[in-house]
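Structure file start.cif (mmCIF, C-alpha atoms and all ligand atoms) follows.
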```cif
data_target
loop_
_atom_site.label_atom_id
_atom_site.label_comp_id
_atom_site.auth_asym_id
_atom_site.auth_seq_id
_atom_site.Cartn_x
_atom_site.Cartn_y
_atom_site.Cartn_z
CA MET A 1 4.34 19.30 10.99
CA HIS A 2 0.59 18.95 10.45
CA TRP A 3 -0.28 15.78 8.50
CA HIS A 4 -3.45 15.32 6.47
CA ILE A 5 -4.39 11.66 5.93
CA LEU A 6 -6.24 10.77 2.74
CA GLY A 7 -7.67 7.24 3.00
CA ALA A 8 -9.07 6.88 6.50
CA GLY A 9 -9.44 3.09 6.32
CA ALA A 10 -7.63 0.40 8.28
CA MET A 11 -4.07 1.58 7.60
CA GLY A 12 -4.81 5.32 7.45
CA CYS A 13 -6.45 5.15 10.87
CA LEU A 14 -3.67 2.93 12.25
CA PHE A 15 -1.07 5.52 11.23
CA ALA A 16 -3.29 8.36 12.49
CA ALA A 17 -3.43 6.71 15.94
CA GLN A 18 0.33 6.16 15.93
CA LEU A 19 1.04 9.82 15.02
CA ASP A 20 -1.53 11.00 17.58
CA ARG A 21 0.15 8.94 20.32
CA GLN A 22 3.23 11.15 19.69
CA LYS A 23 1.01 14.28 19.74
CA ILE A 24 1.78 15.02 16.08
CA PRO A 25 -1.08 17.17 14.72
CA LEU A 26 -3.19 15.58 12.00
CA THR A 27 -6.50 15.77 10.14
CA LEU A 28 -8.34 12.89 8.46
CA LEU A 29 -9.66 13.79 5.01
CA LEU A 30 -13.02 12.22 4.17
CA ARG A 31 -14.91 12.10 0.87
CA SER A 32 -17.63 14.04 2.71
CA THR A 33 -18.46 14.98 6.29
CA LYS A 34 -21.80 15.22 8.09
CA GLU A 35 -23.03 18.78 8.71
CA ASN A 36 -20.86 20.51 11.37
CA GLN A 37 -18.79 17.34 11.85
CA SER A 38 -15.23 18.31 12.76
CA GLU A 39 -14.06 15.39 14.93
CA ILE A 40 -14.38 11.63 15.25
CA THR A 41 -13.47 9.23 18.05
CA LEU A 42 -11.18 6.45 16.90
CA ASP A 43 -10.70 3.26 18.93
CA ILE A 44 -7.68 1.14 18.28
CA GLU A 45 -6.60 -2.11 19.86
CA GLY A 46 -4.27 -4.99 19.15
CA VAL A 47 -0.54 -5.58 19.12
CA SER A 48 0.38 -1.96 20.00
CA GLY A 49 -2.12 -1.72 22.87
CA ALA A 50 -5.55 -0.11 23.18
CA SER A 51 -6.16 3.63 22.94
CA GLN A 52 -8.82 6.14 22.00
CA HIS A 53 -8.22 9.24 19.88
CA GLN A 54 -10.24 12.41 19.20
CA LEU A 55 -9.18 13.28 15.67
CA ALA A 56 -9.99 16.26 13.45
CA VAL A 57 -11.81 15.43 10.22
CA GLN A 58 -12.42 17.49 7.09
CA ALA A 59 -14.02 16.92 3.71
CA CYS A 60 -11.50 16.64 0.88
CA SER A 61 -13.28 19.63 -0.70
CA ALA A 62 -12.66 21.87 2.36
CA LYS A 63 -10.39 24.88 1.96
CA GLY A 64 -6.88 25.30 3.34
CA GLN A 65 -3.36 24.48 2.28
CA ILE A 66 -2.05 20.93 2.83
CA ASP A 67 1.69 20.84 3.55
CA TYR A 68 2.15 17.17 4.54
CA LEU A 69 -0.15 14.54 3.03
CA LEU A 70 -0.19 10.78 3.66
CA VAL A 71 -2.14 8.92 0.96
CA MET A 72 -3.31 5.54 2.29
CA THR A 73 -6.07 4.48 -0.11
CA LYS A 74 -6.08 1.29 -2.19
CA ALA A 75 -3.72 1.57 -5.16
CA TYR A 76 -6.52 2.16 -7.71
CA ASP A 77 -7.89 5.09 -5.63
CA VAL A 78 -4.58 6.97 -5.23
CA LEU A 79 -4.84 9.12 -8.37
CA PRO A 80 -8.54 10.10 -7.97
CA ALA A 81 -8.01 10.76 -4.26
CA VAL A 82 -4.97 13.02 -4.82
CA THR A 83 -6.79 14.77 -7.69
CA SER A 84 -9.68 15.54 -5.33
CA VAL A 85 -7.35 17.63 -3.10
CA VAL A 86 -4.91 18.91 -5.73
CA GLN A 87 -6.14 22.50 -5.41
CA ARG A 88 -4.98 22.39 -1.76
CA LEU A 89 -1.44 21.20 -2.61
CA SER A 90 1.55 23.26 -3.69
CA PRO A 91 4.88 22.22 -5.28
CA GLN A 92 6.35 22.45 -1.73
CA SER A 93 3.79 20.03 -0.23
CA VAL A 94 5.16 16.61 0.75
CA ILE A 95 2.96 13.76 -0.50
CA LEU A 96 3.76 10.38 1.00
CA LEU A 97 2.34 7.33 -0.84
CA LEU A 98 2.34 4.08 1.17
CA SER A 99 -0.18 1.96 -0.77
CA ASN A 100 0.79 -1.50 -2.05
CA GLY A 101 1.82 -2.00 -5.64
CA ILE A 102 3.55 0.18 -8.23
CA GLY A 103 2.17 2.45 -10.92
CA PHE A 104 0.12 5.06 -9.06
CA ALA A 105 3.12 7.37 -8.47
CA GLU A 106 3.74 7.46 -12.24
CA GLN A 107 0.05 8.25 -12.78
CA ILE A 108 0.31 11.21 -10.39
CA GLN A 109 3.53 12.40 -12.01
CA ARG A 110 1.83 12.31 -15.43
CA ASN A 111 -1.33 14.09 -14.26
CA HIS A 112 0.15 16.48 -11.69
CA PRO A 113 3.85 16.89 -12.58
CA GLN A 114 4.26 19.80 -10.14
CA LEU A 115 3.79 17.52 -7.10
CA GLN A 116 6.66 16.22 -4.98
CA LEU A 117 6.24 12.53 -4.03
CA ALA A 118 7.79 10.43 -1.29
CA LEU A 119 7.22 6.66 -1.47
CA GLY A 120 7.19 3.79 0.95
CA THR A 121 6.22 0.23 1.79
CA THR A 122 4.83 -1.17 5.01
CA THR A 123 4.27 -4.63 6.42
CA GLU A 124 2.19 -3.39 9.38
CA GLY A 125 -1.19 -5.14 9.46
CA ALA A 126 -4.61 -3.70 10.38
CA PHE A 127 -8.30 -4.22 9.69
CA ARG A 128 -11.54 -2.42 10.47
CA ARG A 129 -13.64 -3.99 13.25
CA GLY A 130 -16.40 -1.42 12.78
CA PRO A 131 -16.85 2.29 12.07
CA TRP A 132 -13.77 4.06 13.54
CA GLN A 133 -12.72 0.81 15.24
CA ILE A 134 -9.37 -0.54 14.12
CA GLN A 135 -7.54 -3.74 15.02
CA HIS A 136 -3.75 -3.47 14.81
CA ALA A 137 -3.25 -7.07 13.69
CA GLY A 138 0.51 -7.24 13.23
CA LEU A 139 3.63 -5.21 13.88
CA GLY A 140 5.66 -4.65 10.74
CA SER A 141 8.37 -2.65 9.17
CA THR A 142 7.94 0.59 7.20
CA ARG A 143 10.43 1.96 4.66
CA ILE A 144 10.15 5.51 3.32
CA GLY A 145 12.26 7.33 0.76
CA GLN A 146 12.28 9.91 -1.99
CA ALA A 147 14.02 9.73 -5.35
CA ALA A 148 16.89 12.19 -5.80
CA THR A 149 16.97 13.07 -2.09
CA THR A 150 20.24 12.41 -0.32
CA ALA A 151 19.64 13.88 3.16
CA THR A 152 16.85 12.50 5.34
CA PRO A 153 14.18 15.25 5.45
CA ALA A 154 13.10 16.79 8.77
CA TRP A 155 9.50 15.57 8.34
CA PHE A 156 10.65 11.94 8.45
CA GLU A 157 11.24 12.35 12.21
CA ASP A 158 7.43 12.30 12.68
CA TRP A 159 7.32 8.77 11.22
CA ARG A 160 10.51 7.50 12.85
CA SER A 161 9.23 8.53 16.27
CA SER A 162 5.68 7.21 15.75
CA LEU A 163 6.23 3.72 14.29
CA SER A 164 8.08 0.92 16.06
CA ASP A 165 10.21 0.03 13.01
CA CYS A 166 10.51 2.79 10.41
CA HIS A 167 13.57 3.59 8.33
CA TRP A 168 14.56 6.10 5.66
CA ASP A 169 15.51 4.05 2.59
CA ARG A 170 17.77 5.62 -0.06
CA GLN A 171 16.86 2.76 -2.43
CA ILE A 172 13.10 3.01 -1.98
CA SER A 173 12.29 1.89 -5.52
CA ALA A 174 14.24 -1.35 -4.89
CA ALA A 175 12.27 -1.91 -1.65
CA GLN A 176 9.01 -1.35 -3.55
CA TRP A 177 10.08 -3.67 -6.33
CA ARG A 178 11.05 -6.44 -3.88
CA LYS A 179 7.64 -6.21 -2.19
CA LEU A 180 5.95 -6.17 -5.60
CA ALA A 181 7.79 -9.33 -6.70
CA ILE A 182 6.85 -11.12 -3.45
CA ASN A 183 3.19 -10.12 -3.84
CA CYS A 184 3.21 -11.22 -7.52
CA ALA A 185 4.38 -14.69 -6.49
CA ILE A 186 1.97 -15.16 -3.59
CA ASN A 187 -1.20 -13.09 -3.96
CA PRO A 188 -2.94 -14.17 -7.19
CA LEU A 189 -2.08 -17.85 -6.75
CA SER A 190 -3.46 -17.90 -3.20
CA ALA A 191 -6.53 -15.90 -4.31
CA LEU A 192 -7.32 -18.20 -7.25
CA GLU A 193 -6.69 -21.37 -5.23
CA GLY A 194 -8.56 -20.00 -2.20
CA CYS A 195 -5.77 -21.23 0.04
CA ARG A 196 -3.74 -19.94 2.98
CA ASN A 197 -0.21 -18.79 2.14
CA GLY A 198 1.37 -21.92 3.70
CA GLU A 199 -0.23 -24.23 1.12
CA LEU A 200 1.82 -22.52 -1.59
CA ALA A 201 4.85 -24.28 -0.09
CA SER A 202 3.30 -27.50 1.23
CA LYS A 203 1.51 -28.50 -2.02
CA PRO A 204 4.19 -29.50 -4.60
CA ALA A 205 2.17 -28.38 -7.64
CA LEU A 206 1.63 -24.91 -6.13
CA ALA A 207 5.25 -24.66 -4.94
CA ALA A 208 6.37 -25.37 -8.52
CA LYS A 209 4.19 -22.48 -9.73
CA VAL A 210 5.65 -20.17 -7.06
CA ARG A 211 9.15 -21.07 -8.29
CA GLU A 212 8.11 -20.39 -11.89
CA LEU A 213 6.65 -17.00 -10.91
CA CYS A 214 9.88 -16.14 -9.02
CA ALA A 215 11.91 -16.98 -12.13
CA GLU A 216 9.67 -14.76 -14.27
CA MET A 217 9.79 -11.88 -11.78
CA THR A 218 13.59 -12.19 -11.58
CA LEU A 219 13.89 -11.82 -15.35
CA ILE A 220 11.48 -8.87 -15.42
CA GLY A 221 13.25 -7.17 -12.50
CA GLN A 222 16.66 -7.61 -14.11
CA ALA A 223 15.38 -6.20 -17.41
CA ALA A 224 13.88 -3.25 -15.52
CA GLY A 225 17.22 -2.47 -13.84
CA GLN A 226 16.08 -3.82 -10.44
CA CYS A 227 18.75 -6.53 -10.07
CA ALA A 228 19.28 -5.97 -6.33
CA ALA A 229 15.53 -6.10 -5.66
CA VAL A 230 15.12 -9.54 -7.24
CA SER A 231 18.40 -11.09 -6.08
CA GLY A 232 17.61 -14.27 -4.07
CA LEU A 233 13.89 -13.75 -4.75
CA GLU A 234 12.81 -17.41 -4.55
CA HIS A 235 14.45 -17.87 -1.15
CA LYS A 236 12.82 -14.63 0.12
CA VAL A 237 9.38 -15.61 -1.17
CA PHE A 238 9.47 -19.01 0.57
CA GLU A 239 10.64 -17.25 3.77
CA VAL A 240 7.59 -14.93 3.56
CA ILE A 241 5.30 -17.91 2.85
CA LYS A 242 6.67 -19.67 5.95
CA ALA A 243 6.35 -16.56 8.13
CA THR A 244 2.77 -15.92 6.94
CA ALA A 245 1.72 -19.57 6.50
CA ALA A 246 -1.55 -19.14 8.41
CA ASN A 247 -2.51 -15.87 6.60
CA ARG A 248 -5.00 -15.40 3.84
CA SER A 249 -3.33 -12.98 1.42
CA SER A 250 -4.87 -9.53 1.02
CA MET A 251 -5.96 -10.49 -2.53
CA LEU A 252 -7.74 -13.61 -1.28
CA GLN A 253 -9.44 -11.49 1.38
CA ASP A 254 -10.55 -8.94 -1.25
CA ILE A 255 -11.93 -11.69 -3.52
CA THR A 256 -13.72 -13.41 -0.64
CA ALA A 257 -15.29 -10.11 0.51
CA GLY A 258 -16.34 -9.20 -3.07
CA ARG A 259 -14.01 -6.17 -3.14
CA ARG A 260 -11.94 -4.98 -6.09
CA THR A 261 -8.33 -6.24 -5.88
CA GLU A 262 -5.09 -4.32 -6.47
CA ILE A 263 -4.04 -6.80 -9.22
CA ASP A 264 -3.52 -4.06 -11.86
CA TYR A 265 -0.84 -2.46 -9.65
CA ILE A 266 0.81 -5.79 -8.73
CA ASN A 267 0.84 -8.51 -11.46
CA GLY A 268 -0.58 -5.97 -13.93
CA TYR A 269 2.43 -3.71 -13.37
CA ALA A 270 4.80 -6.69 -13.76
CA ASP A 271 3.04 -7.63 -17.01
CA ARG A 272 3.43 -4.07 -18.37
CA CYS A 273 7.17 -4.22 -17.56
CA ALA A 274 7.47 -7.67 -19.19
CA ARG A 275 5.91 -6.30 -22.41
CA GLN A 276 8.06 -3.15 -22.30
CA PHE A 277 11.31 -5.15 -22.01
CA ALA A 278 10.15 -8.09 -24.19
CA VAL A 279 10.52 -10.59 -21.35
CA GLU A 280 8.49 -13.84 -21.51
CA ALA A 281 6.34 -14.14 -18.37
CA PRO A 282 3.46 -16.44 -19.37
CA LEU A 283 2.45 -17.63 -15.90
CA ASN A 284 2.23 -14.07 -14.55
CA ARG A 285 0.01 -13.15 -17.52
CA GLU A 286 -2.15 -16.28 -17.09
CA LEU A 287 -2.79 -15.49 -13.40
CA LEU A 288 -3.42 -11.81 -14.18
CA GLU A 289 -6.05 -12.72 -16.78
CA ALA A 290 -7.67 -15.35 -14.54
CA LEU A 291 -7.91 -12.85 -11.67
CA ARG A 292 -9.34 -10.15 -13.96
CA GLN A 293 -11.97 -12.61 -15.22
CA LEU A 294 -12.88 -13.52 -11.66
CA GLU A 295 -13.23 -9.81 -10.79
CA GLN A 296 -15.30 -9.12 -13.91
CA ALA A 297 -17.66 -11.96 -13.08
CA ARG A 298 -18.24 -10.21 -9.74
CA PHE A 299 -18.24 -6.56 -10.94
CA PRO A 300 -19.55 -6.76 -14.53
N1 LIG A 401 -4.68 -3.53 5.76
C1 LIG A 401 -3.44 -3.98 5.84
O1 LIG A 401 -3.09 -4.76 6.75
C2 LIG A 401 -2.39 -3.52 4.86
C3 LIG A 401 -2.71 -2.74 3.78
N2 LIG A 401 -1.71 -2.30 2.95
C4 LIG A 401 -2.04 -1.46 1.81
O2 LIG A 401 -2.50 -0.21 2.29
C5 LIG A 401 -3.45 0.36 1.38
C6 LIG A 401 -4.73 0.70 2.14
O3 LIG A 401 -5.25 -0.52 2.63
P1 LIG A 401 -6.41 -0.56 3.75
O4 LIG A 401 -6.19 0.51 4.75
O5 LIG A 401 -6.48 -1.97 4.19
O6 LIG A 401 -7.69 -0.20 2.86
P2 LIG A 401 -9.12 0.31 3.35
O7 LIG A 401 -10.09 -0.07 2.27
O8 LIG A 401 -9.39 -0.11 4.74
O9 LIG A 401 -8.95 1.90 3.35
C7 LIG A 401 -8.90 2.69 2.21
C8 LIG A 401 -9.60 3.99 2.55
O10 LIG A 401 -9.41 4.91 1.48
C9 LIG A 401 -10.60 5.68 1.39
N3 LIG A 401 -10.68 6.36 0.10
C10 LIG A 401 -10.66 5.83 -1.14
N4 LIG A 401 -10.78 6.80 -2.08
C11 LIG A 401 -10.90 7.98 -1.40
C12 LIG A 401 -11.08 9.33 -1.80
N5 LIG A 401 -11.16 9.68 -3.09
N6 LIG A 401 -11.17 10.29 -0.85
C13 LIG A 401 -11.11 9.96 0.47
N7 LIG A 401 -10.94 8.69 0.92
C14 LIG A 401 -10.84 7.71 -0.01
C15 LIG A 401 -11.68 4.62 1.56
O11 LIG A 401 -12.90 5.23 1.85
P3 LIG A 401 -14.27 4.42 1.60
O12 LIG A 401 -14.31 3.37 2.66
O13 LIG A 401 -15.26 5.50 1.73
O14 LIG A 401 -14.16 3.83 0.22
C16 LIG A 401 -11.11 3.84 2.74
O15 LIG A 401 -11.46 4.46 3.96
C17 LIG A 401 -3.62 -0.68 0.28
O16 LIG A 401 -2.78 -0.40 -0.80
C18 LIG A 401 -3.18 -1.98 0.95
O17 LIG A 401 -2.71 -2.97 0.04
C19 LIG A 401 -0.39 -2.57 3.18
C20 LIG A 401 -0.03 -3.33 4.25
C21 LIG A 401 -0.99 -3.93 5.13
C1 LIG A 402 3.15 -10.74 2.36
C2 LIG A 402 1.69 -11.03 2.02
C3 LIG A 402 1.61 -11.99 0.87
C4 LIG A 402 1.13 -11.65 3.27
O1 LIG A 402 -0.11 -12.22 3.12
C5 LIG A 402 1.01 -9.74 1.63
O2 LIG A 402 1.65 -8.71 1.56
C6 LIG A 402 -0.40 -9.68 1.22
O3 LIG A 402 -1.18 -10.56 1.58
O4 LIG A 402 -0.74 -8.71 0.51
#
```
Kindly transcribe the structure held in the file into structure tokens.
Amino acid sequence: MHWHILGAGAMGCLFAAQLDRQKIPLTLLLRSTKENQSEITLDIEGVSGASQHQLAVQACSAKGQIDYLLVMTKAYDVLPAVTSVVQRLSPQSVILLLSNGIGFAEQIQRNHPQLQLALGTTTEGAFRRGPWQIQHAGLGSTRIGQAATTATPAWFEDWRSSLSDCHWDRQISAAQWRKLAINCAINPLSALEGCRNGELASKPALAAKVRELCAEMTLIGQAAGQCAAVSGLEHKVFEVIKATAANRSSMLQDITAGRRTEIDYINGYADRCARQFAVEAPLNRELLEALRQLEQARFP
């Protein structure tokens, strides 16, 4: 299969390198390319070793059918990015969405109902050291699945063979919901407090807020029919806090770097569910509003 990768940032390039190591053909899709540019050289180093890759690049506006598309932009860019290549997609194209958060798949379904979506979550970690220089910061686990699909599709073999820990998940929406609930409990609190994840457990006042958020997320998840996803949530969240105690959450990193956060697809999504099912979730809403105000002060 030939994969096109839309979102050639830290994670898109990490996955490109991992596919390329298995000699799986791929093309990176860029907003625009320099005149006659058809290749880039990508350097990757870190936990999976160091390697260099000559990779094909194309502008999103180029011509040619796309059969297998990985979308690896930030959550708020998924819909505009897919829309920019929609004329190259057919109802048979496979579109794999691995961004964090929930809500962008529904946006695509509303705007482009003909498209076939596969979804996933990943805990791999990567960041950009420089142009086309990627640091693979942490090995993680990737789960991929597709609603209403019982058999594992043939294209999944590309991902199973390329990533160190990648599984087909028949309950992918539960996996996404569990990750969402964990991010809701950790990300905005750590971003607003400006603290490493570990302080959310070691400072009693913050730990109490984490427990309150877990209780709210459990009620929202149950109301949304995601009981399995939120079962034992508080225990899971404190496990993640312990395992990532020295980390700055991705939301704290975005705020510190003056970048837009993915809050609307994390706590914002949880808030929309809470309103839909008439569940009280005041702390989630308070943190959502505080984060939005902080963002607005930076991007008026
Ligand atoms: N980094 C990590 O360790 C992890 C990230 N994730 C999730 O993965 C997703 C991607 O994160 P990350 O790789 O860090 O983000 P980056 O910002 O590094 O990469 C996003 C890329 O998408 C590109 N992009 C955005 N819109 C378009 C468009 N319309 N057409 C073409 N390209 C576009 C951006 O281009 P440009 O630079 O030009 O804007 C950028 O290269 C997020 O949802 C994140 O939460 C999940 C697990 C770990
Ligand atoms: C698990 C956690 C909270 C680790 O920092 C994360 O996913 C993030 O920062 O976005």
| request: Provide the CA of Asn36 in chain A to CA of Ser61 in chain A distance in Å, to one decimal place. | output: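 Atom-to-atom, CA of Asn36 in chain A and CA of Ser61 in chain A are spaced 14.3 Å apart.
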To box range 26-35 of chain A, take all atoms listed in the file, fit an axis-aligned box, add 6 Å on each side, and give centre and edge lengths in Å to one decimal, as AutoDock Vina command-line options.
```
--center_x -13.1 --center_y 15.4 --center_z 6.4 --size_x 31.8 --size_y 18.7 --size_z 23.1
```
| How many Å lie between CA of Gly64 in chain A and CA of Trp3 in chain A, rounded to one decimal? | 12.7 Å
Residues of range 198-228 of chain A that approach range 259-274 of chain A to 9 Å or less, counting all atoms listed in the file: could you list each one with the shortest pair of atoms and its distance in Å to one decimal, rows by chain and increasing residue number, as a Markdown table?
```
| residue | atom | partner | partner_atom | distance |
| --- | --- | --- | --- | --- |
| A:Glu216 | CA | A:Ala274 | CA | 8.9 |
| A:Met217 | CA | A:Ala270 | CA | 7.5 |
| A:Leu219 | CA | A:Ala274 | CA | 8.6 |
| A:Ile220 | CA | A:Ala274 | CA | 5.6 |
| A:Gly221 | CA | A:Cys273 | CA | 8.4 |
| A:Ala223 | CA | A:Ala274 | CA | 8.2 |
| A:Ala224 | CA | A:Cys273 | CA | 7.1 |
```
Dump as a tab-separated table (two decimals), in the coordinates of the input, selection limited to C-alpha atoms:
```tsv
chain	number	residue	atom	x	y	z
A	216	GLU	CA	9.67	-14.76	-14.27
A	217	MET	CA	9.79	-11.88	-11.78
A	219	LEU	CA	13.89	-11.82	-15.35
A	220	ILE	CA	11.48	-8.87	-15.42
A	221	GLY	CA	13.25	-7.17	-12.50
A	223	ALA	CA	15.38	-6.20	-17.41
A	224	ALA	CA	13.88	-3.25	-15.52
```
| Test item: residues no farther than 9 Å from ligand LIG 402 (chain A), counting only C-alpha atoms and all ligand atoms, as a ChimeraX atom specification | /A:100,122-123,179-180,182-187,190,196-197,237,240-241,243-253
| query | What is the distance between CA of Gly120 in chain A and CA of Lys74 in chain A, in Å to one decimal? | reply |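 CA of Lys74 in chain A lies 13.9 Å from CA of Gly120 in chain A.
Around ligand LIG 401 (chain A), the neighbouring residues within 6 Å, taking only C-alpha atoms and all ligand atoms, come to Leu6, Gly7, Ala8, Gly9, Ala10, Met11, Gly12, Leu30, Arg31, Met72, Thr73, Lys74, Ala75, Asp77, Pro80, Ala81, Ser99, Asn100, Thr122, Thr123, Glu124, Gly125, Ala126 and Phe127 of chain A.
Shortest separation to Asp43 in chain A among A:Gln133, A:Phe277, A:Gln107, A:Ala297 occurs at residue A:Gln133, atoms counted being all atoms listed in the file.
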| Pick from A:Thr41, A:Ser32, A:Gln276, A:Ser93, whichever lies nearest to Ala56 in chain A using all atoms listed in the file | A:Thr41
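Using all atoms listed in the file, the shortest contact distance between Glu106 in chain A and any of A:Leu19, A:Pro91, A:Leu79, A:Ile5 is found at A:Leu79.
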| Which residue of A:Leu115, A:Ala174, A:Ile134, A:Leu70 approaches Gly49 in chain A most closely, using only C-alpha atoms |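 Nearest candidate to Gly49 in chain A out of A:Leu115, A:Ala174, A:Ile134, A:Leu70: A:Ile134.
Residue nearest Leu28 in chain A, chosen from A:Ser48, A:Ser162, A:Gln54, A:Gln135 and counting only C-alpha atoms: A:Gln54.
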| task | Would you please work out which residue, of A:His4, A:Ala50, A:Gly232, A:Pro113, is nearest to Leu29 in chain A when using only C-alpha atoms? | result |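 Selected residue with least distance to Leu29 in chain A: A:His4.
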